[in-house]
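Q: Next comes entry_12.cif, mmCIF, C-alpha atoms and all ligand atoms:
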data_model
loop_
_atom_site.label_atom_id
_atom_site.label_comp_id
_atom_site.auth_asym_id
_atom_site.auth_seq_id
_atom_site.Cartn_x
_atom_site.Cartn_y
_atom_site.Cartn_z
CA MET A 20 -8.03 39.55 2.47
CA ASP A 21 -10.64 42.19 3.47
CA THR A 22 -13.62 41.63 5.79
CA ASN A 23 -16.10 41.23 2.90
CA ASP A 24 -14.02 38.44 1.37
CA LYS A 25 -13.71 36.71 4.75
CA ASN A 26 -17.49 36.93 5.28
CA ASP A 27 -18.11 35.59 1.78
CA ILE A 28 -15.88 32.58 2.52
CA LYS A 29 -17.62 31.97 5.86
CA THR A 30 -21.05 32.10 4.19
CA LYS A 31 -20.04 29.62 1.49
CA GLN A 32 -18.46 27.32 4.06
CA GLU A 33 -21.73 27.29 6.03
CA VAL A 34 -23.72 26.50 2.87
CA ILE A 35 -21.39 23.55 2.21
CA LYS A 36 -21.62 22.24 5.76
CA ASP A 37 -25.45 22.31 5.50
CA LEU A 38 -25.42 20.57 2.14
CA LEU A 39 -23.05 17.86 3.40
CA LYS A 40 -25.29 17.18 6.38
CA LYS A 41 -28.54 17.14 4.38
CA LYS A 42 -27.13 14.78 1.75
CA ASN A 43 -25.17 12.51 4.10
CA ALA A 44 -22.00 13.45 2.26
CA ILE A 45 -18.39 13.55 3.43
CA LEU A 46 -15.80 16.07 2.23
CA LEU A 47 -12.30 14.68 1.74
CA ALA A 48 -9.47 17.10 0.98
CA HIS A 49 -5.90 16.53 -0.10
CA ASN A 50 -3.17 18.37 1.82
CA TYR A 51 -2.59 20.71 -1.17
CA GLN A 52 -6.13 22.08 -1.32
CA ARG A 53 -7.00 25.74 -0.78
CA ASP A 54 -6.96 26.86 2.89
CA GLU A 55 -10.72 27.53 2.97
CA ILE A 56 -11.39 23.96 1.78
CA GLN A 57 -8.95 22.41 4.26
CA GLU A 58 -10.79 24.34 7.01
CA ILE A 59 -14.10 22.55 6.40
CA ALA A 60 -12.90 19.10 5.32
CA ASP A 61 -14.26 16.15 7.30
CA PHE A 62 -10.96 14.49 6.63
CA GLN A 63 -7.68 15.76 5.22
CA GLY A 64 -4.72 13.65 4.22
CA ASP A 65 -2.15 12.36 1.76
CA SER A 66 -3.08 10.04 -1.11
CA LEU A 67 -2.78 6.88 1.00
CA GLU A 68 -4.79 8.21 3.94
CA LEU A 69 -7.50 9.48 1.61
CA SER A 70 -7.77 6.08 -0.15
CA ILE A 71 -8.13 4.36 3.22
CA LYS A 72 -10.70 6.89 4.44
CA ALA A 73 -12.72 6.70 1.22
CA ASN A 74 -12.78 2.94 1.68
CA LYS A 75 -14.20 3.13 5.18
CA THR A 76 -16.82 5.88 5.15
CA ASP A 77 -20.54 5.26 5.75
CA ALA A 78 -21.55 8.43 3.88
CA ASN A 79 -23.64 8.09 0.71
CA ILE A 80 -21.68 10.72 -1.16
CA ILE A 81 -17.93 11.41 -1.20
CA VAL A 82 -17.00 14.94 -2.27
CA PHE A 83 -13.37 14.57 -3.26
CA CYS A 84 -11.38 17.80 -3.22
CA GLY A 85 -8.17 16.85 -4.90
CA VAL A 86 -7.45 15.80 -8.48
CA ARG A 87 -9.27 13.33 -10.74
CA PHE A 88 -7.18 10.21 -10.09
CA MET A 89 -7.89 10.50 -6.36
CA ALA A 90 -11.64 10.74 -6.87
CA GLU A 91 -11.42 7.86 -9.36
CA SER A 92 -9.70 5.69 -6.73
CA ALA A 93 -12.55 6.45 -4.31
CA ALA A 94 -15.10 5.52 -7.00
CA ILE A 95 -13.22 2.31 -7.84
CA MET A 96 -13.45 1.21 -4.22
CA ASN A 97 -17.02 2.39 -3.62
CA PRO A 98 -19.35 1.37 -6.47
CA ASP A 99 -22.41 1.89 -4.25
CA LYS A 100 -21.48 5.46 -3.38
CA ILE A 101 -21.58 8.66 -5.39
CA VAL A 102 -18.14 10.25 -5.78
CA ILE A 103 -18.04 13.89 -6.84
CA LEU A 104 -14.98 15.74 -8.17
CA PRO A 105 -16.19 19.35 -7.64
CA ASN A 106 -14.13 20.77 -10.52
CA GLU A 107 -14.07 18.29 -13.37
CA ASN A 108 -10.97 19.93 -14.88
CA ALA A 109 -8.77 19.17 -11.88
CA GLY A 110 -6.43 16.61 -13.44
CA CYS A 111 -2.80 15.65 -12.95
CA PRO A 112 -0.32 16.04 -15.82
CA MET A 113 1.67 13.05 -14.60
CA VAL A 114 -1.37 10.81 -15.08
CA ASP A 115 -1.45 11.77 -18.76
CA MET A 116 2.19 10.76 -19.27
CA ILE A 117 1.32 7.06 -19.61
CA THR A 118 -1.47 4.96 -21.15
CA ALA A 119 -2.69 1.42 -20.51
CA LYS A 120 -1.21 0.47 -23.90
CA ASP A 121 2.23 1.70 -22.75
CA ILE A 122 1.98 -0.54 -19.68
CA ILE A 123 1.00 -3.55 -21.77
CA ASN A 124 4.02 -2.91 -23.99
CA LEU A 125 6.27 -2.70 -20.91
CA LYS A 126 4.92 -6.04 -19.70
CA ASN A 127 5.78 -7.58 -23.06
CA ASP A 128 9.26 -6.07 -22.92
CA TYR A 129 9.89 -7.36 -19.36
CA PRO A 130 7.94 -10.64 -19.10
CA GLY A 131 7.12 -11.69 -15.55
CA ALA A 132 8.01 -8.34 -13.94
CA PRO A 133 5.13 -7.05 -11.79
CA VAL A 134 3.83 -3.54 -12.49
CA VAL A 135 3.58 -1.07 -9.63
CA ALA A 136 1.30 1.82 -10.57
CA TYR A 137 1.62 5.03 -8.58
CA VAL A 138 -1.91 6.08 -7.60
CA ASN A 139 -1.30 9.03 -9.93
CA THR A 140 -2.54 6.95 -12.88
CA SER A 141 -5.83 6.56 -14.73
CA ALA A 142 -8.29 3.79 -13.85
CA GLU A 143 -7.35 2.11 -17.17
CA CYS A 144 -3.67 2.03 -16.16
CA LYS A 145 -4.49 0.66 -12.70
CA ALA A 146 -6.57 -2.04 -14.39
CA VAL A 147 -3.55 -3.42 -16.25
CA SER A 148 -1.15 -3.12 -13.28
CA ASP A 149 -0.52 -5.54 -10.42
CA ILE A 150 -0.46 -3.25 -7.41
CA CYS A 151 -0.73 0.44 -6.64
CA CYS A 152 1.50 2.52 -4.41
CA THR A 153 1.59 6.03 -3.00
CA SER A 154 4.58 8.11 -1.98
CA ALA A 155 3.99 6.91 1.61
CA ASN A 156 4.27 3.19 0.93
CA VAL A 157 6.28 2.85 -2.31
CA VAL A 158 9.26 1.12 -0.70
CA LYS A 159 7.05 -1.31 1.21
CA VAL A 160 5.11 -2.13 -1.96
CA VAL A 161 8.21 -2.73 -4.10
CA ASN A 162 9.86 -4.90 -1.45
CA SER A 163 6.67 -6.95 -0.99
CA LEU A 164 6.86 -8.27 -4.56
CA SER A 165 8.54 -11.47 -5.57
CA GLY A 166 11.08 -11.51 -8.37
CA ARG A 167 14.16 -9.52 -9.16
CA ARG A 168 12.66 -6.90 -11.44
CA VAL A 169 9.79 -4.48 -10.92
CA ILE A 170 8.20 -2.10 -13.44
CA MET A 171 7.24 1.25 -11.91
CA VAL A 172 4.95 3.76 -13.61
CA PRO A 173 4.66 6.62 -14.33
CA ASP A 174 6.93 8.67 -12.03
CA LYS A 175 10.63 8.16 -12.77
CA ASN A 176 11.55 10.22 -9.70
CA LEU A 177 9.45 8.11 -7.35
CA GLY A 178 11.00 5.04 -9.00
CA SER A 179 14.56 6.33 -8.45
CA TYR A 180 13.66 7.18 -4.88
CA ALA A 181 12.42 3.62 -4.24
CA GLN A 182 15.55 2.23 -5.94
CA ARG A 183 17.61 3.61 -3.04
CA PHE A 184 15.86 1.21 -0.64
CA THR A 185 15.64 -2.03 -2.60
CA ASP A 186 17.91 -4.61 -4.20
CA LYS A 187 15.36 -5.20 -6.95
CA GLU A 188 15.93 -3.67 -10.36
CA ILE A 189 13.31 -0.99 -10.98
CA ILE A 190 12.31 -0.37 -14.59
CA ASN A 191 11.16 3.25 -14.70
CA TRP A 192 8.82 5.11 -17.04
CA PRO A 193 9.85 8.71 -17.85
CA GLY A 194 6.88 10.50 -16.21
CA TYR A 195 7.31 13.23 -13.62
CA CYS A 196 5.48 15.91 -11.64
CA PRO A 197 6.03 19.34 -13.25
CA PRO A 198 5.61 21.40 -10.03
CA HIS A 199 8.02 19.23 -7.99
CA LYS A 200 10.57 19.29 -10.79
CA ARG A 201 11.00 23.04 -10.27
CA THR A 202 12.80 22.69 -6.93
CA THR A 203 16.52 22.29 -7.57
CA PRO A 204 19.64 21.84 -5.38
CA GLU A 205 20.55 25.43 -6.37
CA ASN A 206 17.28 26.76 -4.84
CA ILE A 207 18.02 24.90 -1.66
CA LYS A 208 21.62 26.13 -1.48
CA VAL A 209 20.48 29.75 -1.73
CA LEU A 210 17.75 29.26 0.90
CA LYS A 211 20.07 27.43 3.28
CA GLU A 212 22.51 30.35 3.09
CA GLU A 213 19.65 32.73 3.85
CA TYR A 214 18.29 30.58 6.72
CA PRO A 215 21.29 28.88 8.38
CA GLY A 216 20.26 25.70 10.18
CA ALA A 217 17.07 25.34 8.13
CA VAL A 218 15.97 21.76 7.52
CA PHE A 219 15.04 20.84 3.95
CA VAL A 220 12.04 18.54 3.60
CA ALA A 221 11.47 16.96 0.17
CA HIS A 222 8.74 14.90 -1.48
CA PRO A 223 9.66 11.63 -3.27
CA GLU A 224 8.36 13.18 -6.53
CA SER A 225 11.42 15.50 -6.47
CA THR A 226 14.35 14.85 -8.78
CA PRO A 227 17.18 12.59 -7.49
CA GLU A 228 19.55 15.60 -7.30
CA THR A 229 17.09 17.39 -5.03
CA ILE A 230 16.51 14.27 -2.91
CA ASP A 231 20.32 14.07 -2.50
CA VAL A 232 20.34 17.40 -0.63
CA ALA A 233 17.22 16.71 1.47
CA ASP A 234 17.32 16.33 5.24
CA HIS A 235 14.03 14.45 5.25
CA VAL A 236 11.95 12.81 2.50
CA SER A 237 8.33 11.73 2.93
CA SER A 238 4.76 11.92 1.70
CA THR A 239 2.82 15.09 2.50
CA SER A 240 1.33 13.70 5.73
CA GLY A 241 4.75 12.35 6.72
CA MET A 242 5.98 15.93 6.47
CA TYR A 243 3.43 17.17 9.03
CA LYS A 244 4.63 14.53 11.46
CA PHE A 245 8.29 15.29 10.82
CA VAL A 246 8.02 19.06 11.38
CA ARG A 247 5.85 18.54 14.47
CA GLU A 248 8.46 16.27 16.06
CA SER A 249 11.59 18.15 14.94
CA ASN A 250 13.37 20.62 17.23
CA ALA A 251 14.44 22.83 14.32
CA LYS A 252 12.92 26.30 13.89
CA TYR A 253 13.25 26.84 10.12
CA PHE A 254 11.99 24.41 7.49
CA ILE A 255 12.35 24.63 3.73
CA ILE A 256 9.30 22.86 2.35
CA GLY A 257 9.86 21.12 -0.98
CA THR A 258 6.28 20.41 -1.87
CA GLU A 259 3.11 22.22 -2.93
CA ARG A 260 2.54 25.37 -0.91
CA GLY A 261 -0.96 24.36 0.24
CA ILE A 262 0.70 22.09 2.80
CA MET A 263 2.02 25.11 4.70
CA TYR A 264 -1.43 26.23 5.87
CA LYS A 265 -1.80 23.40 8.40
CA MET A 266 1.93 23.36 9.19
CA GLU A 267 1.81 27.00 10.27
CA LYS A 268 -1.39 26.46 12.24
CA GLU A 269 -0.02 23.42 14.08
CA ASN A 270 3.44 24.89 14.72
CA PRO A 271 3.08 28.61 15.50
CA ASN A 272 6.69 28.92 16.73
CA LYS A 273 8.28 27.40 13.63
CA VAL A 274 8.98 29.08 10.30
CA PHE A 275 8.12 27.44 6.97
CA ILE A 276 9.73 28.60 3.75
CA SER A 277 8.61 27.32 0.37
CA SER A 278 11.52 25.81 -1.58
CA ASN A 279 10.38 27.54 -4.74
CA LYS A 280 7.84 30.19 -5.74
CA GLY A 281 6.75 27.94 -8.61
CA LEU A 282 5.85 25.05 -6.33
CA VAL A 283 2.14 25.43 -6.86
CA CYS A 284 0.09 22.68 -8.45
CA PRO A 285 -2.43 24.58 -10.62
CA ASN A 286 -4.72 21.55 -10.72
CA MET A 287 -4.89 21.24 -6.94
CA LYS A 288 -5.93 24.89 -6.86
CA LYS A 289 -8.74 24.53 -9.42
CA THR A 290 -11.35 23.60 -6.82
CA HIS A 291 -13.11 26.53 -5.18
CA LEU A 292 -15.88 26.63 -2.58
CA GLU A 293 -18.34 27.56 -5.39
CA ASP A 294 -17.49 24.32 -7.21
CA ILE A 295 -18.37 22.29 -4.14
CA ILE A 296 -21.69 24.12 -3.75
CA ASN A 297 -22.60 23.77 -7.45
CA SER A 298 -21.64 20.15 -7.83
CA LEU A 299 -23.32 19.03 -4.62
CA THR A 300 -26.49 21.07 -5.18
CA ASN A 301 -26.92 19.86 -8.76
CA MET A 302 -25.30 16.44 -8.28
CA LYS A 303 -22.84 17.19 -11.06
CA ASN A 304 -19.33 15.95 -11.87
CA ILE A 305 -19.98 12.44 -10.63
CA ILE A 306 -17.12 10.05 -11.39
CA LYS A 307 -18.13 7.18 -13.65
CA ILE A 308 -15.85 4.26 -14.46
CA PRO A 309 -16.78 1.37 -16.78
CA GLU A 310 -17.47 -1.68 -14.61
CA ASP A 311 -14.93 -4.01 -16.29
CA ILE A 312 -12.15 -1.47 -15.74
CA ARG A 313 -13.31 -0.72 -12.20
CA ILE A 314 -13.16 -4.39 -11.19
CA GLN A 315 -9.62 -4.82 -12.57
CA ALA A 316 -8.38 -1.51 -11.13
CA ARG A 317 -9.84 -2.37 -7.74
CA LYS A 318 -7.55 -5.39 -7.48
CA SER A 319 -4.46 -3.17 -7.76
CA ILE A 320 -5.72 -0.80 -5.06
CA GLU A 321 -6.82 -3.68 -2.82
CA ASN A 322 -3.41 -5.34 -3.16
CA MET A 323 -1.86 -2.09 -1.92
CA LEU A 324 -4.32 -1.63 0.95
CA ALA A 325 -3.80 -5.25 2.04
CA LEU A 326 -0.19 -4.35 2.90
P1 LIG B 1 0.98 12.56 -1.28
O1 LIG B 1 0.01 13.47 -0.60
O2 LIG B 1 0.48 11.16 -1.27
O3 LIG B 1 2.33 12.69 -0.68
O4 LIG B 1 1.05 12.93 -2.82
C1 LIG B 1 1.38 14.14 -3.32
C2 LIG B 1 0.89 14.35 -4.69
O5 LIG B 1 1.52 14.97 -5.47
C3 LIG B 1 -0.40 13.86 -5.06
O6 LIG B 1 -0.60 14.15 -6.37
FE1 LIG B 2 0.05 15.80 -10.19
FE2 LIG B 2 2.26 16.94 -9.21
FE3 LIG B 2 -0.07 18.17 -8.95
FE4 LIG B 2 0.45 15.96 -7.53
S1 LIG B 2 1.48 17.93 -7.38
S2 LIG B 2 -1.43 16.44 -8.65
S3 LIG B 2 1.70 14.82 -9.02
S4 LIG B 2 0.99 17.71 -10.87
#
As a first step, turn the structure in this file into structure tokens.

A:
Amino acid sequence: MDTNDKNDIKTKQEVIKDLLKKKNAILLAHNYQRDEIQEIADFQGDSLELSIKANKTDANIIVFCGVRFMAESAAIMNPDKIVILPNENAGCPMVDMITAKDIINLKNDYPGAPVVAYVNTSAECKAVSDICCTSANVVKVVNSLSGRRVIMVPDKNLGSYAQRFTDKEIINWPGYCPPHKRTTPENIKVLKEEYPGAVFVAHPESTPETIDVADHVSSTSGMYKFVRESNAKYFIIGTERGIMYKMEKENPNKVFISSNKGLVCPNMKKTHLEDIINSLTNMKNIIKIPEDIRIQARKSIENMLAL
């Protein structure tokens, strides 16, 4: 990056900081966001931490730099606040792999089984589910439920991951995360030969075969903690590359290798500094959820947060 580009970024970051202050707004950023957004976030975290933070803030406006379902969760919990998704096209393909109707059909097929909705679902899907979960608390959520069977939507990989830690029968839906699917045991084998002693860190959205060869599995924020506390020098990071910005900054003597060149989530990269400036200046891209759906969806998120 040349000096002009760096100055341009600095200028935009200052504009955003001013706008946030003037409007009593808070900027929340997911761990996969662009480096220049992570740099100015008031709070950065994984899906669970961001839900908790969004639930606690005193700000009038929440600028949510992540993907739509995350901003929707913030809006579900904060009807008196304005929640902005700076780039309205930042979605998540996994969210679109299931509908509320599909969940209702599953409930009919498995009467009495509670539905655990990964936060990566639409507000409509959350509204017809019993409890939400994130990758950080999925096992705790599943084990907190009564009954022998649990329906988990929409990520079949997260469901298979949770199945390893529970005696309950998990009924999975065949959704998945396209970027995480691209890391395979073959990738890891090649990288481990290249970097002997490297520790492979995987996300629960990875396929079961990839989880099988992982040295550590956790949510994105769990990964920061793990690499900070580990004595290893080389880490193969099996999640979106945006996470490596803070890892490198916090651990200058450690080396982080992406598990796969394709491990980029195009939706997480859709938000640029310009989008934050435009949306906040013009009060655009405000998340709106019909009240009846919001009230029902809120119960599922609250049930999760109560744990
Ligand atoms: P976490 O940050 O909660 O681990 O989730 C990763 C993810 O893919 C969100 O879409
Ligand atoms: Fe969706 Fe996967 Fe991107 Fe997360 S990383 S937002 S699950 S596509």

Q: Taking only C-alpha atoms and all ligand atoms into account, which residues are within 9 Å of ligand LIG 1 (chain B), as number ranges by chain?

A: A: 49-51, 64-69, 85-86, 88-89, 111, 113, 138-139, 153-155, 196, 198-199, 222-224, 237-242, 258-259, 284, 287

Q: For C-alpha atoms, I'd like the residues from the last selection saved as a short mmCIF file (atom, residue, chain, number, x, y, z; two decimals), in the coordinates of the input.

A:
data_model
loop_
_atom_site.label_atom_id
_atom_site.label_comp_id
_atom_site.auth_asym_id
_atom_site.auth_seq_id
_atom_site.Cartn_x
_atom_site.Cartn_y
_atom_site.Cartn_z
CA HIS A 49 -5.90 16.53 -0.10
CA ASN A 50 -3.17 18.37 1.82
CA TYR A 51 -2.59 20.71 -1.17
CA GLY A 64 -4.72 13.65 4.22
CA ASP A 65 -2.15 12.36 1.76
CA SER A 66 -3.08 10.04 -1.11
CA LEU A 67 -2.78 6.88 1.00
CA GLU A 68 -4.79 8.21 3.94
CA LEU A 69 -7.50 9.48 1.61
CA GLY A 85 -8.17 16.85 -4.90
CA VAL A 86 -7.45 15.80 -8.48
CA PHE A 88 -7.18 10.21 -10.09
CA MET A 89 -7.89 10.50 -6.36
CA CYS A 111 -2.80 15.65 -12.95
CA MET A 113 1.67 13.05 -14.60
CA VAL A 138 -1.91 6.08 -7.60
CA ASN A 139 -1.30 9.03 -9.93
CA THR A 153 1.59 6.03 -3.00
CA SER A 154 4.58 8.11 -1.98
CA ALA A 155 3.99 6.91 1.61
CA CYS A 196 5.48 15.91 -11.64
CA PRO A 198 5.61 21.40 -10.03
CA HIS A 199 8.02 19.23 -7.99
CA HIS A 222 8.74 14.90 -1.48
CA PRO A 223 9.66 11.63 -3.27
CA GLU A 224 8.36 13.18 -6.53
CA SER A 237 8.33 11.73 2.93
CA SER A 238 4.76 11.92 1.70
CA THR A 239 2.82 15.09 2.50
CA SER A 240 1.33 13.70 5.73
CA GLY A 241 4.75 12.35 6.72
CA MET A 242 5.98 15.93 6.47
CA THR A 258 6.28 20.41 -1.87
CA GLU A 259 3.11 22.22 -2.93
CA CYS A 284 0.09 22.68 -8.45
CA MET A 287 -4.89 21.24 -6.94
#

Q: Closest to ligand LIG 2 (chain B) among A:Leu125, A:Ala90, A:Ile190, A:Leu292, using only C-alpha atoms and all ligand atoms?

A: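 Of A:Leu125, A:Ala90, A:Ile190, A:Leu292, the one nearest ligand LIG 2 (chain B), counting only C-alpha atoms and all ligand atoms, is A:Ala90.
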
Q: Quick one: everything within 8 Å of Arg260 of chain A, counting all atoms listed in the file, minus sequence neighbours fewer than 6 positions away in the same chain. Send it as a ChimeraX atom specification.

A: /A:51,277,282-283

Q: From the set A:Arg201, A:Arg183, A:Lys280, A:Lys100, which residue has the shortest atom-to-atom contact distance to ligand LIG 2 (chain B), counting all atoms listed in the file?

A: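 Ranked by minimum distance to ligand LIG 2 (chain B), first place goes to A:Arg201.
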
Q: Would you mind telling me which residue in A:Val114, A:Ala217, A:Leu299, A:Ala181 lies nearest to Leu39 of chain A when using only C-alpha atoms?

A: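 Looking at the shortest contact to Leu39 of chain A, the residue is A:Leu299.
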
Q: Taking into account all atoms listed in the file, which residue in the set A:Gly166, A:Gly178, A:Pro197, A:Gly281 is nearest to ligand LIG 2 (chain B)?

A: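 For ligand LIG 2 (chain B), the nearest of the given residues is A:Pro197.
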
Q: What would the list of residues within 7 Å of (-3.4, -4.4, -11.7) (file frame) look like as an mmCIF file with C-alpha atoms, keeping the file's coordinate frame, if only C-alpha atoms are what count?

A:
data_model
loop_
_atom_site.group_PDB
_atom_site.id
_atom_site.type_symbol
_atom_site.label_atom_id
_atom_site.label_comp_id
_atom_site.auth_asym_id
_atom_site.auth_seq_id
_atom_site.Cartn_x
_atom_site.Cartn_y
_atom_site.Cartn_z
ATOM 1 C CA LYS A 145 -4.490 0.660 -12.700
ATOM 2 C CA ALA A 146 -6.570 -2.040 -14.390
ATOM 3 C CA VAL A 147 -3.550 -3.420 -16.250
ATOM 4 C CA SER A 148 -1.150 -3.120 -13.280
ATOM 5 C CA ASP A 149 -0.520 -5.540 -10.420
ATOM 6 C CA ILE A 150 -0.460 -3.250 -7.410
ATOM 7 C CA GLN A 315 -9.620 -4.820 -12.570
ATOM 8 C CA ALA A 316 -8.380 -1.510 -11.130
ATOM 9 C CA LYS A 318 -7.550 -5.390 -7.480
ATOM 10 C CA SER A 319 -4.460 -3.170 -7.760
#

Q: When you count all atoms listed in the file, which of these residues is closest to ligand LIG 2 (chain B): A:Lys273, A:Lys187, A:Lys265, A:Lys288?

A: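 Looking at the shortest contact to ligand LIG 2 (chain B), the residue is A:Lys288.
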
Q: Would you list the residues near (-16.0, 29.9, -1.4) (no more than 6 Å away, in the coordinates of the file, using only C-alpha atoms) as an MDAnalysis selection string?

A: chainID A and resid 28 31 291:293

Q: Find the residue from A:Ser179, A:Ile276, A:Asn191, A:Ser165 that sits nearest to Ile207 of chain A; use only C-alpha atoms when measuring.

A: A:Ile276

Q: Go ahead and compute the interatomic distance for atom FE2 of ligand LIG 2 (chain B) and atom CA of Ile320 of chain A, in Å to one decimal.

A: 19.9 Å

Q: Need to verify the contact set: Ile255 of chain A, 9 Å, all atoms listed in the file, exclusion of same-chain residues closer than 5 positions in sequence. Can you return it as a list in words?

A: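 Answer for this query is Ile207, Leu210, Lys211, Tyr214, Ala217, Val218, Phe219, Val220, Ala221, Val274, Phe275, Ile276, Ser277 and Ser278 of chain A.
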
Q: Give me, please, the distance in Å between atom CA of Ile308 of chain A and atom CA of Gly261 of chain A, quoted to one decimal.

A: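 We find that atom CA of Ile308 of chain A and atom CA of Gly261 of chain A lie 29.0 Å from each other.
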
Q: I want to know what sits within 7 Å of Arg87 of chain A, based on all atoms listed in the file, with residues of the same chain fewer than 5 positions away left out; could you give that as a ChimeraX atom specification?

A: /A:104,109-110

Q: One decimal, in Å: what's the spacing between atom CA of Phe184 of chain A and atom CA of Val158 of chain A?

A: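 Between atom CA of Phe184 of chain A and atom CA of Val158 of chain A the gap works out to 6.6 Å.
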
Q: Can you pull out the residues contacting Glu58 of chain A? Cut-off 10 Å, using all atoms listed in the file, and skip same-chain residues under 3 positions away; I want them as number ranges by chain.

A: A: 32, 48, 52-55, 61-63, 264-265

Q: With N, CA, C and O atoms retained, output segment 303-318 of chain A as a short mmCIF file (atom, residue, chain, number, x, y, z; two decimals), in the first residue's frame.

A:
data_model
loop_
_atom_site.label_atom_id
_atom_site.label_comp_id
_atom_site.auth_asym_id
_atom_site.auth_seq_id
_atom_site.Cartn_x
_atom_site.Cartn_y
_atom_site.Cartn_z
N LYS A 303 -28.70 5.62 6.29
CA LYS A 303 -29.20 4.63 5.32
C LYS A 303 -28.93 3.22 5.82
O LYS A 303 -28.11 3.01 6.68
N ASN A 304 -29.55 2.25 5.16
CA ASN A 304 -29.33 0.83 5.46
C ASN A 304 -29.62 0.49 6.93
O ASN A 304 -28.83 -0.18 7.60
N ILE A 305 -30.74 1.02 7.38
CA ILE A 305 -31.19 0.74 8.75
C ILE A 305 -31.96 -0.59 8.72
O ILE A 305 -32.82 -0.80 7.86
N ILE A 306 -31.63 -1.46 9.65
CA ILE A 306 -32.30 -2.77 9.71
C ILE A 306 -33.71 -2.61 10.26
O ILE A 306 -33.91 -1.99 11.31
N LYS A 307 -34.66 -3.18 9.52
CA LYS A 307 -36.06 -3.13 9.99
C LYS A 307 -36.61 -4.55 10.02
O LYS A 307 -36.48 -5.29 9.05
N ILE A 308 -37.21 -4.89 11.14
CA ILE A 308 -37.78 -6.25 11.29
C ILE A 308 -39.23 -6.12 11.75
O ILE A 308 -39.50 -5.38 12.71
N PRO A 309 -40.17 -6.79 11.09
CA PRO A 309 -41.56 -6.70 11.53
C PRO A 309 -41.68 -7.07 13.01
O PRO A 309 -41.05 -8.03 13.47
N GLU A 310 -42.46 -6.29 13.74
CA GLU A 310 -42.53 -6.42 15.20
C GLU A 310 -42.92 -7.83 15.67
O GLU A 310 -42.35 -8.34 16.63
N ASP A 311 -43.89 -8.47 14.99
CA ASP A 311 -44.30 -9.81 15.46
C ASP A 311 -43.13 -10.80 15.34
O ASP A 311 -42.90 -11.63 16.22
N ILE A 312 -42.37 -10.68 14.26
CA ILE A 312 -41.22 -11.58 14.08
C ILE A 312 -40.12 -11.24 15.10
O ILE A 312 -39.51 -12.11 15.71
N ARG A 313 -39.91 -9.94 15.30
CA ARG A 313 -38.87 -9.51 16.24
C ARG A 313 -39.13 -10.07 17.65
O ARG A 313 -38.22 -10.61 18.29
N ILE A 314 -40.38 -9.99 18.09
CA ILE A 314 -40.70 -10.45 19.45
C ILE A 314 -40.45 -11.96 19.58
O ILE A 314 -39.86 -12.43 20.56
N GLN A 315 -40.84 -12.72 18.58
CA GLN A 315 -40.62 -14.18 18.63
C GLN A 315 -39.13 -14.52 18.54
O GLN A 315 -38.64 -15.38 19.27
N ALA A 316 -38.42 -13.83 17.63
CA ALA A 316 -36.99 -14.10 17.44
C ALA A 316 -36.20 -13.75 18.69
O ALA A 316 -35.23 -14.42 19.06
N ARG A 317 -36.64 -12.68 19.34
CA ARG A 317 -35.95 -12.23 20.56
C ARG A 317 -35.91 -13.33 21.64
O ARG A 317 -34.92 -13.50 22.33
N LYS A 318 -37.00 -14.09 21.71
CA LYS A 318 -37.06 -15.15 22.73
C LYS A 318 -35.92 -16.15 22.52
O LYS A 318 -35.28 -16.60 23.46
#
